[in-house]
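**Q** This is the structure I want to talk about, given as structure tokens.
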Amino acid sequence: RRRIRATGDCLTGRAGLYSASMEEPGDRAASPAQRTGSARLLDALFLLARSCHAPADSTALMEGIMDCLLSLCGAERGFILLSPGIAPRALGEVVERAGPGQLLPCVSRRVDYQGSDLFSRSVAKRVLAGGKALLIADASTDRKFKDQESVLAAHIRSVLAAPLLLDGSPVGVIYLDSINAGASFTDEDLRLLEAAAEHVVAALANARERDRLTSRAAHLQAVVEQEVTREYGSRSIVGDSPAMRKILEAVQLVARQDTTTLILGESGTGKELVARALHDLSGRKAGPFVAVNCMALSAGVLESELFGHEKGTFSGATGRNVGRFEMADQGTVFLDEIGELDVAVQVKLLRVLQEKVVERVGSGRPRPVNVRLVCATNADLDRAVKVGTFRSDLYYRIAVFPLRLPPLRERREDIAPLVEHFIRHFQRRMGKPISGIEPDALGLIERHSWPGNIRELRNVIEHAFVLEQGSRISAASLPFLASRAPAPAAMAGPAPAPSELPVPSLAAAREAFERRFIVDCLQRHGGNITKAAQELDVPRSTVYRKLEAWGLLPAGRG
């Protein structure tokens with residue numbers, strides 16, 4: 001029982017392995033320095049195992065090991081010294097200030113005075129160069145160290161030091177010393193230090209791997225950003241209509257602030273492109289942009305994706321998962337289709353906005369995050385608040401600055417520029433020598449109602465690129481639009497008989513009808529897939545899958 005309580009005392013950095021408050025009546029525990037043999041080795045094994053198991057952060061792990069060593073060996077001071085290239089990134093400015101060949105005190109314990117040499121640099125350099133552990137029982141009588149000025153100047157009487165060997169190469173030193181004339185380290189203390197060094201090396205290896213993965217993630221993020229720029233162009237928001245000019249002016253203004261922004265608009269109007277523009281024009285542009293489609297994930301999975309989870313929290317949680325908010329620290333989180341967010345997840349999101357901390361599922365430890373939140377939806381959140389499916393307090397927090405994107409049918413003057421934009425894009429992507437569009441084909445496009453908005457237009461142009469064999473897109477390459485195009489007013493006549501309709505096949509006609517039927521149902525319900533699926537009497541996933549196949553639903557883009 002003493003050992004268990006002593007472990008907590010050690011891990012919180014308190015001096016001594018045992019204290020009078022821990023003793024049972026009539027029982028007086030020996031001090032760490034007095035305990036020898038198998039009992040002391042058992043204490044060491046127990047405490048080192050506990051200190052290495054608990055912390056997830058490598059620096060915290062090394063601090064726990066040092067606390068244990070100070071208690072077990074009766075040392076007064078301790079340091080973990082690392083080469084600059086090995087020190088974890090968490091040290092930040094300390095690493096940047098280090099000179100070439102300098103050892104960094106990454107962990108320091110019980111340092112009672114300030115000075116340029118808080119530890120014996122001569123001992124540390126000797127251990128690092130030789131790659132072997134060193135014990136100085138009494139520096140005042142050991143002839144080898146009478147000429148070591150740093151030892152004598154600091155009044156050090158006893159020293160322990162062991163190298164940290166990473167992949168066989170010395171990368172640092174773990175160091176203990178004492179100025180107490182009545183206490184000397186022993187060979188047993190040296191063996192404990194060497195064992196602890198193995199744990200420190202494991203922590204360093206984990207930190208190095210984490211830094212490598214972080215760099216890899218940053219590289220992949222940069223690649224994704226380059227792909228987005230290459231695919232959509234540097235001026236990804238295309239349009240010069242009065243409605244779009246107003247939107248772009250608002251984006252320029254709000255991007256400079258960290259104001260939570262709610263982007264409203266039908267599916268396919270370019271909500272994610274506006275969210276990316278808000279990020280790219282902000283002071284957070286160097287940070288990550290993390291997008292999450294709330295509609296594509298169930299409530300349980302979404303909570304883990306947003307906030308993360310700990311190992312063993314639920315079946316299948318074989319490891320720790322970092323949530324999207326932690327991934328987006330110093331950057332922007334974009335929650336698309338936030339109207340589909342489960343009420344339980346809404347509560348946690350509200351806490352993130354209010355307190356700027358997240359808690360992983362299965363963990364009670366709050367983790368601070370610094371992110372800007374941008375949300376988007378095609379649902380009527382005002383109505384959702386009234387019927388109780390969306391929390392009013394969360395709604396007011398995310399709708400500080402709403403941006404409403406007009407549908408394509410309300411900005412028809414932007415259709416021709418968008419067509420030219422997508423032609424240039426697919427020309428580069430497919431390598432086909434298509435340089436423009438015929439007037440009659442453009443007329444078909446401009447007369448279409450575009451229920452799927454810009455995403456539908458993009459898919460139509462891509463389809464035309466596949467079919468077109470000439471140098472310009474013709475009406476023949478737009479069979480779906482040609483079959484649905486209304487007759488011009490001057491040429492309007494009686495409606496053709498069903499047999500005269502230019503439908504390519506029964507399957508195509510069935511799909512066209514099903515598509516129009518589902519889109520009409522969605523429009524009646526303001527784009528709410530759940531309510532549309534209820535009216536259609538089909539699973540919500542079926543509607544979602546069909547819309548995605550038709551290009552009417554974001555597969556990652558809003």
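Order determines the names: the first chain of the structure tokens is A, the second B, and so forth; residues in each chain are numbered 1 upward, and ligands are numbered 1 upward as they are shown.
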Just the residues within 10 Å of Ile263 (chain A), please, counting only C-alpha atoms, with nothing from its chain fewer than 6 positions along; format it as a list in words.
**A** Gly270, Lys271, Glu272, Val274, Ala275, Asp336, Glu337, Val374, Cys375, Ala376, Thr377, Asn378, Ile398, Ala399, Phe401, Pro402, Leu403, Arg404, Leu405 and Gly558 of chain A
**Q** Using only C-alpha atoms, which residues sit within 9 Å of region 427-440 of chain A once same-chain residues fewer than 4 positions away are excluded, as an MDAnalysis selection string?
**A** chainID A and resid 231 419:420 422:423 444:445 465:466 468:475
**Q** By how many Å are CA of Gly388 (chain A) and CA of His309 (chain A) apart?
**A** 28.1 Å
**Q** Give me the residues near Thr186 (chain A) as a list of chain:residue names, where near means some atom within 9 Å (using only C-alpha atoms) and where sequence neighbours in that chain fewer than 2 positions away do not count.
**A** A:Cys73, A:Leu135, A:Ile136, A:Ala137, A:Leu160, A:Ser184, A:Glu188, A:Asp189, A:Leu190, A:Arg191
**Q** Mind dumping the selected residues with N, CA and C atoms as a tab-separated table (two decimals), in the first residue's frame?
**A**
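The resulting file, result20.tsv, is reproduced below:
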chain	number	residue	atom	x	y	z
A	73	CYS	N	17.38	7.09	-5.90
A	73	CYS	CA	18.83	7.20	-5.70
A	73	CYS	C	19.21	8.22	-4.63
A	135	LEU	N	30.30	6.59	-12.78
A	135	LEU	CA	29.97	6.81	-11.38
A	135	LEU	C	31.14	7.49	-10.68
A	136	ILE	N	30.88	8.62	-10.04
A	136	ILE	CA	31.86	9.29	-9.19
A	136	ILE	C	31.30	9.25	-7.78
A	137	ALA	N	31.81	8.35	-6.97
A	137	ALA	CA	31.29	8.21	-5.61
A	137	ALA	C	31.62	9.43	-4.77
A	160	LEU	N	26.35	10.64	-11.02
A	160	LEU	CA	25.95	9.48	-11.84
A	160	LEU	C	25.62	10.00	-13.23
A	184	SER	N	26.64	9.18	-0.98
A	184	SER	CA	27.40	8.79	-2.18
A	184	SER	C	26.58	7.80	-2.98
A	188	GLU	N	24.76	0.05	-7.47
A	188	GLU	CA	23.34	-0.27	-7.66
A	188	GLU	C	22.59	0.92	-8.25
A	189	ASP	N	22.94	2.13	-7.77
A	189	ASP	CA	22.34	3.33	-8.35
A	189	ASP	C	22.68	3.45	-9.83
A	190	LEU	N	23.91	3.09	-10.18
A	190	LEU	CA	24.33	3.18	-11.58
A	190	LEU	C	23.54	2.22	-12.45
A	191	ARG	N	23.27	1.02	-11.93
A	191	ARG	CA	22.47	0.06	-12.71
A	191	ARG	C	21.05	0.57	-12.90
**Q** As a list in words, please: the residues near Val290 (chain A) (cut-off 9 Å, only C-alpha atoms, same-chain neighbours under 4 positions excluded).
**A**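 What passes the distance filter is Arg324, Phe325, Met327, Ala328, Gly331, Thr332, Val333, Phe334 and Leu335 of chain A.
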**Q** Could you please determine the separation between CA of Asp342 (chain A) and CA of Gly526 (chain A) in Å, to one decimal place?
**A**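 Rounded to one decimal, the two atoms are 18.7 Å apart.
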**Q** Using DSSP on the backbone, list every residue of region 162-301 of chain A that comes out as strand (DSSP E), and give them as a PyMOL selection string.
**A** chain A and resi 162-166+169-178+261-264+289-293
**Q** For a test of reading the model, state the distance in Å between CA of Leu297 (chain A) and CA of Leu341 (chain A), rounded to one decimal.
**A**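 Atom-to-atom, CA of Leu297 (chain A) and CA of Leu341 (chain A) are spaced 9.4 Å apart.
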**Q** Which residues are close to Arg372 (chain A), i.e. within 12 Å by only C-alpha atoms, leaving aside same-chain residues fewer than 5 positions away? Reply as JSON, numbers by chain.
**A** {"A": [254, 255, 256, 257, 258, 259, 260, 261, 262, 275, 276, 278, 279, 282, 283, 284, 285, 287, 288, 289, 290, 291, 325, 326, 328, 329, 330, 331, 332, 333, 334, 335, 352, 353, 356, 398]}
**Q** Taking only C-alpha atoms into account, which of A:Glu63, A:Ala197, A:Ala464, A:Leu81 comes nearest Ala476 (chain A)?
**A**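 The closest residue to Ala476 (chain A) is A:Ala464.
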**Q** When you look at Glu413 (chain A) with a cut-off of 9 Å (counting only C-alpha atoms), what residues show up, excluding the ones that are within fewer than 2 positions of it in the same chain? I need them as a list in words.
**A**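 Surrounding residues, per the criterion: Gly239, Asp240, Ser241, Glu410, Arg411, Ile415, Ala416, Pro417 and Glu446 of chain A.
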**Q** Could you pull the residues within 10 Å of Val173 (chain A), counting only C-alpha atoms, minus those fewer than 2 positions along the same chain, as a ChimeraX atom specification?
**A** /A:79-83,103-105,123-128,131-133,161-165,170-171,175-176,197,200
**Q** Could those selected residues go to a file with C-alpha atoms, as a tab-separated table (two decimals), in the first residue's frame?
**A**
chain	number	residue	atom	x	y	z
A	79	PHE	CA	19.04	16.36	-15.84
A	80	ILE	CA	18.23	14.71	-19.14
A	81	LEU	CA	20.63	16.27	-21.64
A	82	LEU	CA	20.02	15.91	-25.38
A	83	SER	CA	21.70	16.95	-28.60
A	103	LEU	CA	23.73	19.58	-24.86
A	104	LEU	CA	20.25	20.79	-23.96
A	105	PRO	CA	18.85	20.26	-20.44
A	123	VAL	CA	31.28	14.78	-17.10
A	124	ALA	CA	28.41	14.98	-19.60
A	125	LYS	CA	30.79	15.39	-22.57
A	126	ARG	CA	32.97	12.51	-21.37
A	127	VAL	CA	29.98	10.15	-21.10
A	128	LEU	CA	28.58	11.29	-24.45
A	131	GLY	CA	29.24	6.00	-24.73
A	132	LYS	CA	29.68	4.43	-21.27
A	133	ALA	CA	28.06	5.08	-17.88
A	161	ALA	CA	25.75	9.71	-15.63
A	162	ALA	CA	24.72	7.29	-18.38
A	163	PRO	CA	24.62	7.74	-22.17
A	164	LEU	CA	21.41	7.68	-24.15
A	165	LEU	CA	22.01	5.44	-27.16
A	170	PRO	CA	25.00	8.47	-28.25
A	171	VAL	CA	22.45	11.29	-28.48
A	175	TYR	CA	22.71	12.82	-15.22
A	176	LEU	CA	22.29	12.87	-11.41
A	197	ALA	CA	18.19	5.35	-19.79
A	200	VAL	CA	14.26	7.54	-21.97
